[in-house]
Number of protein chains: 2
Amino acid sequence: MSNIKIDFKSVYYPSPIVLVGAMVDDRPNYMTAAWFTKVHNTPPMIAVSLGSGHFTVKGIRANKTFSINIPEALIIEKTDYCGLVSGKRVDKSDLFTPFYGQTDSAPMISESMISMECTVSEIVSLPQDDLVIGTVVETYANEKYVSGECIDPHKAVPFCYVSQEKKYFGLGRALGAARSIGKKLIQK
Amino acid sequence: MSNIKIDFKSVYYPSPIVLVGAMVDDRPNYMTAAWFTKVHNTPPMIAVSLGSGHFTVKGIRANKTFSINIPEALIIEKTDYCGLVSGKRVDKSDLFTPFYGQTDSAPMISESMISMECTVSEIVSLPQDDLVIGTVVETYANEKYVSGECIDPHKAVPFCYVSQEKKYFGLGRALGAARSIGKKLIQK
């Protein structure tokens, strides 16, 4: 077995893809981001790394609120589009139907599978990016994808992003149950 | 269209799953983590959120180095196992073939598809978790999964994790090319 050096940009991993919403210059703006993760459960917190110069980041810094929206396949083209054009040049406010939670400055996307209203907890300044750590005030799901109190994977087509392949992928077959398939390795 | 409140724990999104390696009490230890993302390209940086009480975190804090390893389906059971048992009780040092880069304190996993040797850049203390921000010293790929200078998706079976379903999933069909399928929405 041999492990060879490769470029960091060739790191192969499936990442989520999210739309970050913010109010900028009095209108909703959305940008696409792949560097997103949950970071804490109670209180609910997330982190997203965004290029510092982005129009959306201006709104996040001004308002201290923003939204994270997880798209489903029906809005995959609009999701991609939001990463192609900047709000500095193009008004994206009519692209989606916005809805609001406790503030008027975190436009959430009705058409999204999941939306989270967030307040800024901390911004870690990296050389070219801002790692925005947010506390989730409230989480919403688009009810057309819901059964009971959760997203129903038979109603939704979630997808992930693989940057090395420059493609979005649906989920494939289940390879195993988490916190379960490893139990056979536990020594009795 | 209606958007309804749901629990943050029901947020449906595909996340990567990684094995975090660290030297603890003079032996390699590994833990499973799903709250991982790249955060910066130049220099290469990543972030991973880990429960503060974890054995692995003790090693990361002591050595200021650690590894991030991205598994492939061949080690999916061992990946799951590392999330089931703590290094406090079980010696996991023989589970994988470790290899080392510039330090002796960031054990990387030879069997992994991708491994990154990291130094701690900053640790953001959250109420119950440590958000570890790392600078990637070097990135490695297991050459059996490589063609040219990248992972070859025909040689590897990458997978992601969906916590709401408590399952690992392979990648499904490509739904579109990134930074491309949204171009049709650009107004001429």
# chains A, B, ... in the order shown; residues from 1 in each chain; ligands from 1
call {"tool": "residues_around", "arguments": {"residues": "range 103-109 of chain B", "least_positions_apart": "5", "cutoff": "6 Å", "atoms": "only C-alpha atoms", "output": "PyMOL selection string"}}
result
chain B and resi 21-23+28+65-67+97-98
call {"tool": "write_last_selection", "arguments": {"atoms": "C-alpha atoms", "output": "PDB file, in the first residue's frame"}}
result
ATOM      1  CA  GLY B  21      -6.332  10.589  13.863  1.00  0.00           C
ATOM      2  CA  ALA B  22      -4.248  11.726  16.798  1.00  0.00           C
ATOM      3  CA  MET B  23      -1.523  10.376  19.023  1.00  0.00           C
ATOM      4  CA  PRO B  28      -2.460   6.244  17.460  1.00  0.00           C
ATOM      5  CA  THR B  65      -1.322  18.074  15.236  1.00  0.00           C
ATOM      6  CA  PHE B  66      -3.851  15.567  13.934  1.00  0.00           C
ATOM      7  CA  SER B  67      -4.978  13.916  10.732  1.00  0.00           C
ATOM      8  CA  THR B  97      -1.810   0.777   9.100  1.00  0.00           C
ATOM      9  CA  PRO B  98      -0.601   4.185  10.211  1.00  0.00           C
TER      10      PRO B  98
END
call {"tool": "select_by_dssp", "arguments": {"residues": "chain B", "states": "strand (DSSP E)", "output": "ChimeraX atom specification"}}
result
/B:3-6,18-24,27-33,36-40,45-51,65-70,98-99,108-109,114-125,129-142,146-147,150-151,159-162,167-177
call {"tool": "closest_residue", "arguments": {"among": "B:Val124, B:Val162, B:Ile60, B:Cys150", "to": "chain A", "atoms": "only C-alpha atoms"}}
result
B:Cys150
call {"tool": "residues_around", "arguments": {"residues": "Lys88 in chain B", "least_positions_apart": "2", "cutoff": "10 Å", "atoms": "only C-alpha atoms", "output": "list in words"}}
result
Val24, Asp25, Asn29, His54, Phe55, Thr56, Val85, Ser86, Val90, Asp91 and Lys92 of chain B
call {"tool": "write_last_selection", "arguments": {"atoms": "C-alpha atoms", "output": "mmCIF file, in the first residue's frame"}}
result
data_model
loop_
_atom_site.group_PDB
_atom_site.id
_atom_site.type_symbol
_atom_site.label_atom_id
_atom_site.label_comp_id
_atom_site.auth_asym_id
_atom_site.auth_seq_id
_atom_site.Cartn_x
_atom_site.Cartn_y
_atom_site.Cartn_z
ATOM 1 C CA VAL B 24 -2.906 9.933 22.540
ATOM 2 C CA ASP B 25 -0.890 8.454 25.398
ATOM 3 C CA ASN B 29 -6.157 6.764 18.075
ATOM 4 C CA HIS B 54 -13.279 12.870 23.367
ATOM 5 C CA PHE B 55 -10.041 10.971 23.875
ATOM 6 C CA THR B 56 -8.841 12.107 20.437
ATOM 7 C CA VAL B 85 -15.902 2.742 20.996
ATOM 8 C CA SER B 86 -13.735 5.276 22.801
ATOM 9 C CA VAL B 90 -10.288 0.307 23.688
ATOM 10 C CA ASP B 91 -6.906 0.361 21.964
ATOM 11 C CA LYS B 92 -7.652 1.182 18.298
#
call {"tool": "interface_residues", "arguments": {"of": "chain B", "to": "chain A", "cutoff": "6 Å", "atoms": "only C-alpha atoms", "output": "VMD selection string"}}
result
chain B and resid 2 to 6 8 10 14 to 16 35 37 to 39 49 77 to 78 80 to 81 139 to 143 150 166 to 179 181 to 182
call {"tool": "atom_distance", "arguments": {"atom1": "CA of Ala156 in chain A", "atom2": "CA of Phe96 in chain A"}}
result
18.1 Å
call {"tool": "atom_distance", "arguments": {"atom1": "CA of Ile68 in chain A", "atom2": "CA of Leu19 in chain A"}}
result
5.9 Å
call {"tool": "atom_distance", "arguments": {"atom1": "CA of Lys64 in chain A", "atom2": "CA of Ile123 in chain B"}}
result
22.0 Å
call {"tool": "select_by_dssp", "arguments": {"residues": "range 2-169 of chain B", "states": "helix (DSSP H, G or I)", "output": "PyMOL selection string"}}
result
chain B and resi 8-10+55-63+73-82+143-145
